[in-house]
file coords.txt (compact mmCIF, C-alpha atoms)
# COMPACT_ATOMS: atom_id res chain seq x y z
CA MET X 8 71.91 102.22 35.82
CA ALA X 9 73.28 98.72 35.41
CA GLN X 10 75.10 99.96 32.33
CA TYR X 11 76.97 102.69 34.17
CA GLN X 12 77.28 101.38 37.70
CA HIS X 13 80.79 99.93 37.26
CA ARG X 14 82.09 103.04 35.53
CA VAL X 15 80.77 105.32 38.24
CA PHE X 16 82.00 103.02 40.96
CA ALA X 17 85.46 102.77 39.37
CA VAL X 18 85.89 106.53 39.16
CA ALA X 19 84.69 106.93 42.74
CA CYS X 20 87.00 104.18 43.92
CA ARG X 21 90.03 105.66 42.18
CA MET X 22 89.24 109.11 43.43
CA LEU X 23 88.37 108.25 47.00
CA GLY X 24 90.72 105.30 47.52
CA SER X 25 88.19 103.25 49.48
CA ARG X 26 85.53 100.83 48.29
CA ALA X 27 83.13 101.69 51.08
CA GLU X 28 83.51 105.37 50.44
CA ALA X 29 83.18 104.75 46.72
CA GLU X 30 79.93 102.84 47.19
CA GLU X 31 78.41 105.70 49.16
CA ALA X 32 79.56 108.19 46.57
CA ALA X 33 78.21 106.10 43.71
CA GLN X 34 74.86 105.81 45.46
CA GLU X 35 74.78 109.57 45.85
CA VAL X 36 75.60 109.93 42.18
CA PHE X 37 72.72 107.74 41.08
CA LEU X 38 70.30 109.44 43.45
CA ARG X 39 71.27 112.79 41.98
CA VAL X 40 70.94 111.38 38.50
CA HIS X 41 67.50 110.01 39.34
CA ARG X 42 66.35 113.39 40.61
CA ALA X 43 67.87 115.34 37.74
CA LEU X 44 66.91 112.95 34.96
CA ASP X 45 63.92 115.09 33.96
CA GLY X 46 66.19 118.10 33.62
CA PHE X 47 68.69 116.34 31.37
CA ARG X 48 68.45 118.15 28.06
CA GLY X 49 70.73 115.91 26.05
CA ASP X 50 73.23 118.67 25.25
CA ALA X 51 76.02 116.32 26.29
CA LYS X 52 76.41 112.59 26.03
CA ARG X 53 74.67 110.84 28.87
CA SER X 54 77.94 109.23 29.93
CA THR X 55 79.67 112.62 30.04
CA TRP X 56 76.85 113.99 32.14
CA LEU X 57 77.18 111.01 34.47
CA TYR X 58 80.95 111.49 34.76
CA ALA X 59 80.40 115.16 35.51
CA ILE X 60 78.11 114.31 38.41
CA THR X 61 80.47 111.62 39.63
CA SER X 62 83.46 113.97 39.52
CA ARG X 63 81.56 116.65 41.40
CA VAL X 64 80.40 114.22 44.08
CA CYS X 65 83.89 112.81 44.52
CA LEU X 66 85.59 116.21 44.67
CA ASN X 67 83.01 117.41 47.18
CA ARG X 68 83.61 114.37 49.32
CA LEU X 69 87.36 114.82 49.09
CA ALA X 70 86.93 118.36 50.31
CA SER X 71 85.25 117.10 53.48
CA GLY X 72 87.26 116.07 56.52
CA GLU X 73 86.01 112.48 56.66
CA THR X 74 87.25 111.71 53.20
CA ARG X 75 90.64 113.20 53.94
CA ILE X 76 90.98 110.68 56.74
CA ALA X 77 89.88 107.88 54.43
CA ARG X 78 92.36 109.03 51.82
CA ALA X 79 95.22 109.08 54.33
CA ARG X 80 94.25 105.55 55.36
CA ALA X 81 94.22 104.46 51.72
CA ARG X 82 97.70 105.90 51.24
CA GLU X 83 98.95 103.95 54.23
CA GLU X 84 97.37 100.76 52.89
CA ALA X 85 98.98 101.29 49.50
CA LEU X 86 102.34 101.91 51.19
CA ASP X 87 101.98 98.80 53.33
CA ALA X 88 101.23 96.71 50.26
CA LEU X 89 104.30 98.08 48.54
CA THR X 90 106.55 97.51 51.58
CA SER X 91 105.36 93.96 52.13
CA SER X 92 105.90 93.13 48.47
CA GLU X 93 109.43 94.47 48.71
CA ALA X 94 110.14 92.30 51.73
CA ASP X 95 109.96 89.15 49.64
CA PRO X 96 111.65 89.94 46.31
CA ALA X 97 111.74 86.38 45.19
CA MET X 98 107.95 86.19 45.05
CA VAL X 99 107.32 89.57 43.57
CA LEU X 100 107.23 90.35 39.95
CA GLU X 101 108.27 93.68 38.53
CA GLN X 102 104.83 94.29 37.11
CA ARG X 103 103.22 93.78 40.46
CA GLU X 104 105.57 96.27 42.08
CA LEU X 105 104.89 98.73 39.34
CA LYS X 106 101.16 98.32 39.76
CA ALA X 107 101.32 98.79 43.51
CA ALA X 108 103.53 101.84 43.11
CA LEU X 109 101.18 103.25 40.55
CA GLU X 110 98.16 102.74 42.79
CA ARG X 111 99.96 104.57 45.55
CA ALA X 112 101.10 107.37 43.28
CA LEU X 113 97.61 107.77 41.95
CA VAL X 114 96.19 108.19 45.44
CA GLU X 115 98.85 110.77 46.20
CA LEU X 116 98.07 112.93 43.20
CA PRO X 117 96.34 116.25 43.86
CA GLU X 118 92.61 115.85 43.40
CA GLU X 119 92.19 118.17 40.43
CA ARG X 120 94.92 116.29 38.54
CA ARG X 121 93.82 112.85 39.67
CA ILE X 122 90.30 113.28 38.33
CA VAL X 123 91.68 114.25 34.94
CA VAL X 124 94.00 111.27 34.71
CA VAL X 125 91.29 108.91 35.95
CA LEU X 126 88.83 110.14 33.35
CA ARG X 127 91.42 110.06 30.57
CA ASP X 128 93.61 107.03 31.25
CA LEU X 129 91.27 104.80 33.21
CA GLU X 130 87.90 105.72 31.68
CA GLY X 131 89.11 106.70 28.23
CA LEU X 132 87.30 110.03 27.86
CA ALA X 133 88.37 112.48 25.18
CA TYR X 134 89.86 115.82 26.15
CA GLU X 135 86.68 117.60 25.12
CA GLU X 136 84.53 115.32 27.23
CA ILE X 137 86.75 115.85 30.24
CA ALA X 138 86.60 119.59 29.72
CA GLN X 139 82.81 119.42 29.53
CA ALA X 140 82.44 117.14 32.55
CA LEU X 141 84.74 119.18 34.75
CA ASP X 142 83.74 122.51 33.25
CA LEU X 143 87.36 123.34 32.36
CA GLU X 144 89.14 124.86 29.42
CA LEU X 145 90.68 122.39 26.99
CA GLY X 146 94.17 123.78 27.68
CA THR X 147 93.68 123.31 31.41
CA VAL X 148 92.73 119.70 30.85
CA ARG X 149 95.86 119.13 28.75
CA SER X 150 98.20 120.78 31.21
CA ARG X 151 96.72 119.01 34.23
CA LEU X 152 96.86 115.68 32.47
CA HIS X 153 100.47 116.19 31.46
CA ARG X 154 101.52 117.15 34.97
CA ALA X 155 99.70 114.21 36.46
CA ARG X 156 101.30 111.75 34.06
CA MET X 157 104.78 113.13 34.58
CA GLU X 158 104.32 112.99 38.34
CA LEU X 159 103.22 109.36 38.10
CA LYS X 160 106.20 108.53 35.90
CA ASP X 161 108.59 110.18 38.33
CA LYS X 162 107.16 108.17 41.20
CA VAL X 163 107.12 104.78 39.54
CA GLU X 164 110.20 104.96 37.29
CA LYS X 165 112.39 103.25 39.87
CA PHE X 166 110.15 100.19 39.47
CA ILE X 167 110.59 100.22 35.72
CA ALA X 168 113.58 98.25 34.57
CA MET Z 4 113.80 121.67 20.16
CA THR Z 5 115.22 121.39 23.67
CA CYS Z 6 114.87 118.44 26.05
CA HIS Z 7 112.43 120.46 28.15
CA ASP Z 8 110.32 121.30 25.12
CA THR Z 9 110.28 117.68 24.03
CA ARG Z 10 109.25 116.41 27.46
CA GLN Z 11 106.44 118.96 27.53
CA LEU Z 12 105.06 117.26 24.44
CA PHE Z 13 105.10 113.74 25.89
CA THR Z 14 101.36 113.72 26.70
CA ALA Z 15 100.35 115.17 23.36
CA LEU Z 16 102.71 112.79 21.59
CA ALA Z 17 101.32 109.77 23.45
CA ASP Z 18 97.71 110.81 22.72
CA ASP Z 19 98.58 111.60 19.11
CA VAL Z 20 97.19 115.09 19.13
CA LEU Z 21 100.28 116.84 17.74
CA SER Z 22 100.46 118.27 14.29
CA VAL Z 23 102.58 116.42 11.80
CA ALA Z 24 105.34 119.04 12.00
CA GLU Z 25 105.46 119.06 15.80
CA ARG Z 26 105.45 115.31 15.89
CA ALA Z 27 108.36 115.16 13.42
CA ARG Z 28 110.42 117.64 15.45
CA ALA Z 29 109.76 115.80 18.70
CA GLN Z 30 110.59 112.48 17.11
CA ALA Z 31 113.81 113.91 15.71
CA HIS Z 32 114.86 115.11 19.16
CA LEU Z 33 114.08 111.75 20.72
CA ASP Z 34 116.13 110.00 18.08
CA GLY Z 35 119.13 112.13 18.92
CA CYS Z 36 118.83 112.38 22.74
CA ALA Z 37 119.33 109.19 24.80
CA ASP Z 38 118.13 110.78 28.06
CA CYS Z 39 114.91 112.01 26.52
CA ARG Z 40 114.39 108.70 24.74
CA ARG Z 41 114.82 106.78 28.01
CA ASP Z 42 112.46 109.20 29.74
CA TRP Z 43 109.94 108.80 26.91
CA GLU Z 44 110.07 105.03 27.22
CA ARG Z 45 109.44 105.24 30.96
CA PHE Z 46 106.58 107.59 30.29
CA LEU Z 47 105.04 105.13 27.86
CA ARG Z 48 105.48 102.21 30.28
CA THR Z 49 103.87 104.24 33.02
CA LEU Z 50 100.90 104.92 30.76
CA ASP Z 51 100.71 101.25 29.79
CA ALA Z 52 100.70 100.26 33.43
CA LEU Z 53 98.08 102.87 34.15
CA HIS Z 54 95.87 101.55 31.38
CA CYS Z 55 96.29 98.04 32.69
CA LEU Z 56 95.14 98.85 36.19
CA PRO Z 57 92.08 96.76 36.92
CA ARG Z 58 88.83 98.68 37.01
CA PRO Z 59 87.14 98.34 40.38
CA ARG Z 60 83.70 96.82 39.97
CA ALA Z 61 80.61 97.77 41.88
CA PRO Z 62 79.72 95.21 44.54
CA LEU Z 63 76.90 92.74 44.04
CA GLY Z 64 73.46 94.15 44.78
CA PHE Z 65 74.71 97.71 44.42
CA ALA Z 66 72.10 98.64 41.82
CA ASP Z 67 69.28 97.17 43.92
CA ARG Z 68 70.40 99.07 46.99
CA VAL Z 69 70.54 102.31 45.05
CA LEU Z 70 67.11 101.77 43.52
CA LYS Z 71 65.60 100.94 46.89
CA ARG Z 72 67.09 104.00 48.50
CA SER Z 73 66.07 106.10 45.56
CA ARG Z 74 62.47 104.95 45.73
CA SER Z 75 62.15 105.55 49.45
CA ARG Z 76 63.77 108.95 49.22
CA LEU Z 77 61.68 109.95 46.24
CA TRP Z 78 58.47 108.86 47.94
CA SER Z 79 59.20 110.88 51.05
CA ARG Z 80 60.32 113.88 49.02
CA ARG Z 81 57.24 113.72 46.85
CA LEU Z 82 54.97 113.55 49.89
CA LEU Z 83 56.71 116.47 51.58
CA ARG Z 84 56.61 118.46 48.38
CA GLN Z 85 52.94 117.81 47.86
CA LEU Z 86 52.17 118.77 51.44
CA PHE Z 87 54.26 121.87 51.91
CA VAL Z 88 55.63 123.22 48.66
CA PRO Z 89 55.29 126.11 48.01
CA LEU Z 90 55.53 126.79 51.73
CA ARG Z 91 54.28 130.37 51.56
CA VAL Z 92 51.07 129.33 49.89
CA LYS Z 93 50.31 125.95 51.38
CA LEU Z 94 51.10 126.60 55.02
CA PRO Z 95 48.52 129.42 55.49
CA LEU Z 96 46.00 127.43 53.47
CA GLU Z 97 46.51 124.38 55.64
CA ALA Z 98 46.22 126.43 58.81
CA ALA Z 99 42.99 128.01 57.53
CA ALA Z 100 41.63 124.60 56.58
CA ILE Z 101 42.34 123.24 60.05
CA ALA Z 102 40.58 126.22 61.63
CA VAL Z 103 37.53 125.85 59.36
CA ILE Z 104 37.30 122.13 60.03
CA SER Z 105 37.55 122.72 63.78
CA LEU Z 106 34.78 125.31 63.66
CA GLY Z 107 32.66 122.96 61.56
CA VAL Z 108 33.10 120.14 64.06
CA VAL Z 109 32.11 122.41 66.93
CA TYR Z 110 29.06 123.62 65.00
CA VAL Z 111 27.93 120.10 64.11
CA VAL Z 112 28.35 118.90 67.69
CA ARG Z 113 26.34 121.81 69.00
CA GLN Z 114 23.62 121.33 66.40
CA SER Z 115 23.45 117.57 66.76
CA PRO Z 116 19.96 116.40 67.77
CA GLU Z 117 21.41 113.55 69.81
CA LEU Z 118 23.49 115.90 71.88
CA GLU Z 119 20.54 118.22 72.27
CA HIS Z 120 18.45 115.28 73.42
CA GLN Z 121 21.16 114.37 75.91
CA ALA Z 122 21.14 117.88 77.25
CA ARG Z 123 17.36 117.68 77.69
CA SER Z 124 17.50 114.39 79.51
CA VAL Z 125 20.18 115.71 81.84
CA GLU Z 126 18.13 118.83 82.59
CA PRO Z 127 16.04 118.42 85.79
CA ARG Z 128 12.36 117.63 85.22
CA PRO Z 129 9.79 119.94 86.72
CA GLU Z 130 8.95 117.42 89.44
CA ALA Z 131 12.54 117.24 90.51
CA ALA Z 132 12.71 120.81 91.70
CA PRO Z 133 9.39 122.38 91.16
CA PRO Z 134 8.40 125.33 93.20
CA ALA Z 135 4.97 124.68 91.71
CA ILE Z 136 4.63 121.36 93.51
CA GLN Z 137 5.99 122.75 96.71
CA THR Z 138 3.36 125.43 96.58
CA ASP Z 139 0.68 122.82 96.17
CA LEU Z 140 -0.30 123.34 99.78
CA ALA Z 141 -3.96 123.82 99.21
CA ARG Z 142 -4.61 120.11 98.80
CA PRO Z 143 -6.24 118.27 101.70
CA ARG Z 144 -3.76 116.89 104.25
CA ALA Z 145 -5.27 113.43 104.08
CA PHE Z 146 -4.53 113.22 100.37
CA ASP Z 147 -0.96 114.29 100.85
CA SER Z 148 -0.02 112.03 103.69
CA ALA Z 149 -1.83 108.92 102.55
CA PRO Z 150 0.05 106.08 100.87
CA PRO Z 151 -0.75 105.44 97.19
CA ALA Z 152 -3.53 102.95 97.91
CA GLY Z 153 -4.99 105.06 100.67
CA ARG Z 154 -4.59 108.12 98.54
CA GLN Z 155 -6.73 106.56 95.83
CA ALA Z 156 -9.33 105.66 98.41
CA VAL Z 157 -9.39 109.17 99.69
CA ALA Z 158 -9.61 110.44 96.16
CA LYS Z 159 -12.58 108.19 95.44
CA ALA Z 160 -14.30 109.21 98.61
CA GLU Z 161 -13.88 112.88 97.90
CA ARG Z 162 -14.30 112.48 94.08
CA PRO Z 163 -11.76 115.10 93.57
CA ALA Z 164 -9.99 114.42 90.54
CA PRO Z 165 -8.14 117.16 88.89
CA ARG Z 166 -6.32 119.75 90.84
CA VAL Z 167 -4.89 122.77 89.23
CA HIS Z 168 -2.17 124.86 90.75
CA ALA Z 169 -1.28 128.16 89.28
CA PRO Z 170 1.40 129.10 91.73
CA THR Z 171 4.05 130.57 89.55
CA GLU Z 172 4.52 132.91 86.72
CA SER Z 173 6.93 132.39 83.92
CA PRO Z 174 8.73 135.00 81.86
CA PRO Z 175 6.86 136.57 78.96
CA ARG Z 176 6.88 134.65 75.67
CA ALA Z 177 6.26 135.63 72.11
CA GLU Z 178 4.89 132.48 70.50
CA SER Z 179 1.20 131.78 70.18
CA GLN Z 180 -0.89 128.68 69.78
CA PRO Z 181 -2.96 128.02 66.62
CA ALA Z 182 -6.71 128.46 67.04
CA PRO Z 183 -8.70 125.22 67.06
CA SER Z 184 -11.68 124.52 64.79
CA ALA Z 185 -13.72 121.30 65.29
CA PRO Z 186 -13.77 119.86 68.82
CA ALA Z 187 -12.35 116.40 68.04
CA ARG Z 188 -9.66 117.50 65.66
CA GLU Z 189 -9.05 120.46 67.83
CA ASP Z 190 -8.20 118.18 70.73
CA LYS Z 191 -5.73 116.16 68.69
CA GLU Z 192 -3.99 119.16 67.23
CA VAL Z 193 -3.85 120.92 70.52
CA ARG Z 194 -2.49 117.87 72.29
CA ALA Z 195 0.12 117.33 69.61
CA ALA Z 196 1.18 120.92 69.76
CA MET Z 197 1.22 120.89 73.53
CA SER Z 198 3.23 117.68 73.87
CA LYS Z 199 5.64 118.78 71.15
CA ASP Z 200 6.27 122.00 72.91
CA SER Z 201 6.25 120.55 76.40
CA ALA Z 202 9.86 119.39 76.42
CA SER Z 203 11.26 122.77 75.60
CA ARG Z 204 8.95 124.42 78.07
CA SER Z 205 10.10 122.16 80.86
CA LEU Z 206 13.60 123.48 80.41
CA ARG Z 207 12.52 126.95 81.38
CA ALA Z 208 13.22 128.11 84.86
CA PRO Z 209 10.14 128.45 87.05
CA ALA Z 210 8.83 131.93 87.88
CA THR Z 211 9.38 133.32 91.33
CA ALA Z 212 5.85 134.69 91.86
CA SER Z 213 3.39 132.02 92.94
CA ALA Z 214 -0.17 131.45 94.01
CA ALA Z 215 -2.08 128.41 95.14
CA VAL Z 216 -5.02 127.73 92.81
CA THR Z 217 -6.78 124.38 92.83
CA ILE Z 218 -9.25 123.31 90.14
CA THR Z 219 -11.24 120.22 90.87
CA ALA Z 220 -13.03 118.49 87.99
CA GLN Z 221 -15.70 115.80 88.12
CA ASP Z 222 -14.89 113.90 84.95
CA ARG Z 223 -11.24 113.14 84.01
CA GLU Z 224 -11.63 112.43 80.29
CA GLY Z 225 -13.97 115.31 79.77
CA SER Z 226 -11.71 117.45 81.85
CA GLU Z 227 -8.72 116.56 79.68
CA ARG Z 228 -10.54 117.52 76.49
CA ALA Z 229 -11.94 120.65 78.01
CA LEU Z 230 -8.56 121.59 79.37
CA ALA Z 231 -6.87 121.13 76.01
CA GLY Z 232 -9.50 123.19 74.22
CA ALA Z 233 -9.60 125.93 76.83
CA LEU Z 234 -5.83 126.11 76.92
CA ALA Z 235 -5.59 126.42 73.16
CA ARG Z 236 -8.23 129.11 73.01
CA ALA Z 237 -6.54 131.00 75.80
CA GLY Z 238 -3.25 130.97 73.88
CA GLY Z 239 -1.62 128.71 76.45
CA VAL Z 240 0.59 125.68 76.02
CA GLU Z 241 1.13 122.48 77.90
CA ILE Z 242 4.59 122.32 79.44
CA ALA Z 243 4.68 118.91 81.08
CA ARG Z 244 2.46 115.95 81.86
CA ARG Z 245 2.94 113.20 84.43
CA THR Z 246 1.00 110.81 86.61
CA GLU Z 247 1.22 110.86 90.38
CA GLY Z 248 -0.56 107.96 92.06
CA GLY Z 249 -3.34 107.72 89.51
CA THR Z 250 -3.73 111.45 89.25
CA LEU Z 251 -2.81 113.09 85.96
CA VAL Z 252 -0.80 116.23 86.57
CA VAL Z 253 -0.61 118.70 83.72
CA GLU Z 254 1.59 121.78 83.83
CA ALA Z 255 0.59 124.55 81.49
CA GLU Z 256 1.37 128.15 80.77
CA LEU Z 257 -0.98 130.81 79.48
CA PRO Z 258 -1.20 134.59 79.25
CA ARG Z 259 -2.25 136.13 82.48
CA ALA Z 260 -4.87 138.19 80.69
CA ALA Z 261 -6.52 135.00 79.44
CA TRP Z 262 -6.88 133.55 82.93
CA THR Z 263 -10.49 134.55 83.45
CA GLY Z 264 -11.61 133.25 80.05
CA PHE Z 265 -9.69 130.02 80.60
CA VAL Z 266 -11.37 129.40 83.96
CA GLU Z 267 -14.81 130.25 82.60
CA ALA Z 268 -14.34 127.87 79.68
CA LEU Z 269 -13.33 125.07 82.02
CA ARG Z 270 -16.19 125.88 84.39
CA ARG Z 271 -18.70 125.65 81.54
CA ALA Z 272 -17.27 122.37 80.24
CA VAL Z 273 -16.72 120.49 83.48
CA GLY Z 274 -17.45 121.10 87.06
CA LEU Z 275 -14.45 122.49 88.75
CA THR Z 276 -13.39 124.18 91.92
CA ILE Z 277 -10.85 126.95 92.02
CA ASP Z 278 -8.97 127.50 95.22
CA GLY Z 279 -7.95 131.12 95.18
CA GLU Z 280 -6.78 133.45 92.47
CA PRO Z 281 -3.32 133.79 90.90
CA SER Z 282 -1.16 136.47 92.30
CA GLY Z 283 2.11 138.10 91.37
CA SER Z 284 3.24 140.14 88.42
CA GLY Z 285 4.08 139.04 84.92
CA GLU Z 286 2.31 138.53 81.61
CA ARG Z 287 2.46 134.75 81.69
CA LEU Z 288 0.85 132.49 84.22
CA ARG Z 289 1.92 129.00 85.06
CA VAL Z 290 -0.72 126.54 86.29
CA VAL Z 291 -0.62 122.98 87.55
CA LEU Z 292 -3.78 120.95 86.91
CA ARG Z 293 -4.55 117.72 88.73
CA LEU Z 294 -7.08 115.52 87.00
CA GLY Z 295 -8.35 112.66 89.12
CA ALA Z 296 -9.47 109.26 87.73
call {"tool": "encode", "arguments": {"input": "coords.txt", "output": "structure tokens"}}
result
Amino acid sequence: MAQYQHRVFAVACRMLGSRAEAEEAAQEVFLRVHRALDGFRGDAKRSTWLYAITSRVCLNRLASGETRIARARAREEALDALTSSEADPAMVLEQRELKAALERALVELPEERRIVVVLRDLEGLAYEEIAQALDLELGTVRSRLHRARMELKDKVEKFIA
Amino acid sequence: MTCHDTRQLFTALADDVLSVAERARAQAHLDGCADCRRDWERFLRTLDALHCLPRPRAPLGFADRVLKRSRSRLWSRRLLRQLFVPLRVKLPLEAAAIAVISLGVVYVVRQSPELEHQARSVEPRPEAAPPAIQTDLARPRAFDSAPPAGRQAVAKAERPAPRVHAPTESPPRAESQPAPSAPAREDKEVRAAMSKDSASRSLRAPATASAAVTITAQDREGSERALAGALARAGGVEIARRTEGGTLVVEAELPRAAWTGFVEALRRAVGLTIDGEPSGSGERLRVVLRLGA
């Protein structure tokens, strides 16, 4: 568990936009893993299996009303951070603005695209692993990833010199 | 290749999953189109920034908290599962087990010798409410009214020792007494059998029919032996035994048909006086014998 705790927590945090929410989700993930460990047949890599459970837990939580509220709050926090950084241009670096904008854009992505970009660009999974974890076709993974990346680029390009 | 087609390949181009031919065509378009090239550079910078985003780390103690919660949840789940799963099978079995255990407890309590003994001790003794004693009206008035010391004096003066009352009849009974053999051993066996059976006999309700019969014996010890032997031979049993002011009072029960033989046996063994004859219906006869010192 120690080996995977940061990975699971990172995905949950990126997906849910809140550390507290992410901690709860990660706990749920490991409890599910603990219960289902006997049933793990080793067809997939253990990390892929773990990401699959994490993705499912996060998407389920995002579908609930409480998480929607948390997500809206996270968006506001990201926006506030961006606005405050713009208020003092002398102290702000371009990279920092870009990072803040990217964080905000990531939170605003639709969930089914966000999970793909998180698994690919933040966790480094291969297309096939993402398809297996999310139970999607390979083409669907590619198209969702492309749309998500283009959307992120469109939102942050004004911060790129 | 159009600008739109090229931009559609940005992701595949960045991840290097295009074929050599597709990659060459896309690269050729980018080389010739400034807008697409600028867009491609922004795309790459966005990806670089995305890859550089710091990975959130799990808080300290996270793993311990998860393990603790996991253990407690697993323990409770395992217990519940062992108790109730599968519900259709285990629930009726548990209900049946509870019923069987309850019945067993009730049975044991009812069969417990201690509780039976308690019930016996709570039951009123024959002297507490004995119609037999109340019908003991044939005794001399002086004996009744005298205080214990005076009563003994009167008893000595009259030499009356044992008095026997056969005032009541008890319900018919099926059991019989074993026949005695030698006189000495016979006495012991008969006494043991009589005293063993006396407790259960005392629980029986007294008969309604009554008669006042008094048997007066000369010798107490001889009377006791003779009484035990005669009672055993008559098929009777001793019900209760007590002492009232130096007088031994023995309650016994015998078949009514054996009454004459019982009296004759006592008369031959010890001198005795019989006040009246038993009356009333019934196969069993209850007598009260008073043996003086």
call {"tool": "interface_residues", "arguments": {"input": "coords.txt", "of": "chain X", "to": "chain Z", "cutoff": "6 Å", "atoms": "all atoms listed in the file", "output": "VMD selection string"}}
result
chain X and resid 13 16 to 17 34 38 128 to 129 153 160
call {"tool": "closest_residue", "arguments": {"input": "coords.txt", "among": "X:His41, X:Val36, X:Arg63, X:Val163", "to": "Ala107 in chain X", "atoms": "only C-alpha atoms"}}
result
X:Val163
call {"tool": "atom_distance", "arguments": {"input": "coords.txt", "atom1": "CA of Arg259 in chain Z", "atom2": "CA of Leu234 in chain Z"}}
result
12.0 Å
call {"tool": "closest_residue", "arguments": {"input": "coords.txt", "among": "X:Leu143, X:Val64, X:Leu57, X:Leu116", "to": "Glu28 in chain X", "atoms": "all atoms listed in the file"}}
result
X:Val64
call {"tool": "residues_around", "arguments": {"input": "coords.txt", "residues": "Glu224 in chain Z", "least_positions_apart": "3", "cutoff": "9 Å", "atoms": "only C-alpha atoms", "output": "PyMOL selection string"}}
result
chain Z and resi 227-229+294+296
call {"tool": "write_last_selection", "arguments": {"input": "coords.txt", "atoms": "C-alpha atoms", "output": "PDB file, keeping the file's coordinate frame"}}
result
ATOM      1  CA  GLU Z 227      -8.720 116.560  79.680  1.00  0.00           C
ATOM      2  CA  ARG Z 228     -10.540 117.520  76.490  1.00  0.00           C
ATOM      3  CA  ALA Z 229     -11.940 120.650  78.010  1.00  0.00           C
ATOM      4  CA  LEU Z 294      -7.080 115.520  87.000  1.00  0.00           C
ATOM      5  CA  ALA Z 296      -9.470 109.260  87.730  1.00  0.00           C
TER       6      ALA Z 296
END
call {"tool": "residues_around", "arguments": {"input": "coords.txt", "residues": "Val253 in chain Z", "least_positions_apart": "6", "cutoff": "8 Å", "atoms": "only C-alpha atoms", "output": "count of residues only"}}
result
9
call {"tool": "atom_distance", "arguments": {"input": "coords.txt", "atom1": "CA of Leu23 in chain X", "atom2": "CA of Ala17 in chain Z"}}
result
26.9 Å
call {"tool": "residues_near_point", "arguments": {"input": "coords.txt", "point": "(85.9, 104.2, 48.5)", "cutoff": "10 Å", "atoms": "all atoms listed in the file", "output": "list in words"}}
result
Phe16, Ala17, Val18, Ala19, Cys20, Arg21, Met22, Leu23, Gly24, Ser25, Arg26, Ala27, Glu28, Ala29, Glu30, Glu31, Ala32, Ala33, Cys65, Thr74, Ala77, Arg78 and Ala81 of chain X
call {"tool": "atom_distance", "arguments": {"input": "coords.txt", "atom1": "CA of Gly35 in chain Z", "atom2": "CA of Leu21 in chain Z"}}
result
19.5 Å
call {"tool": "closest_residue", "arguments": {"input": "coords.txt", "among": "X:Ala9, X:Phe166, X:Val15, X:Glu110", "to": "Thr55 in chain X", "atoms": "only C-alpha atoms"}}
result
X:Val15
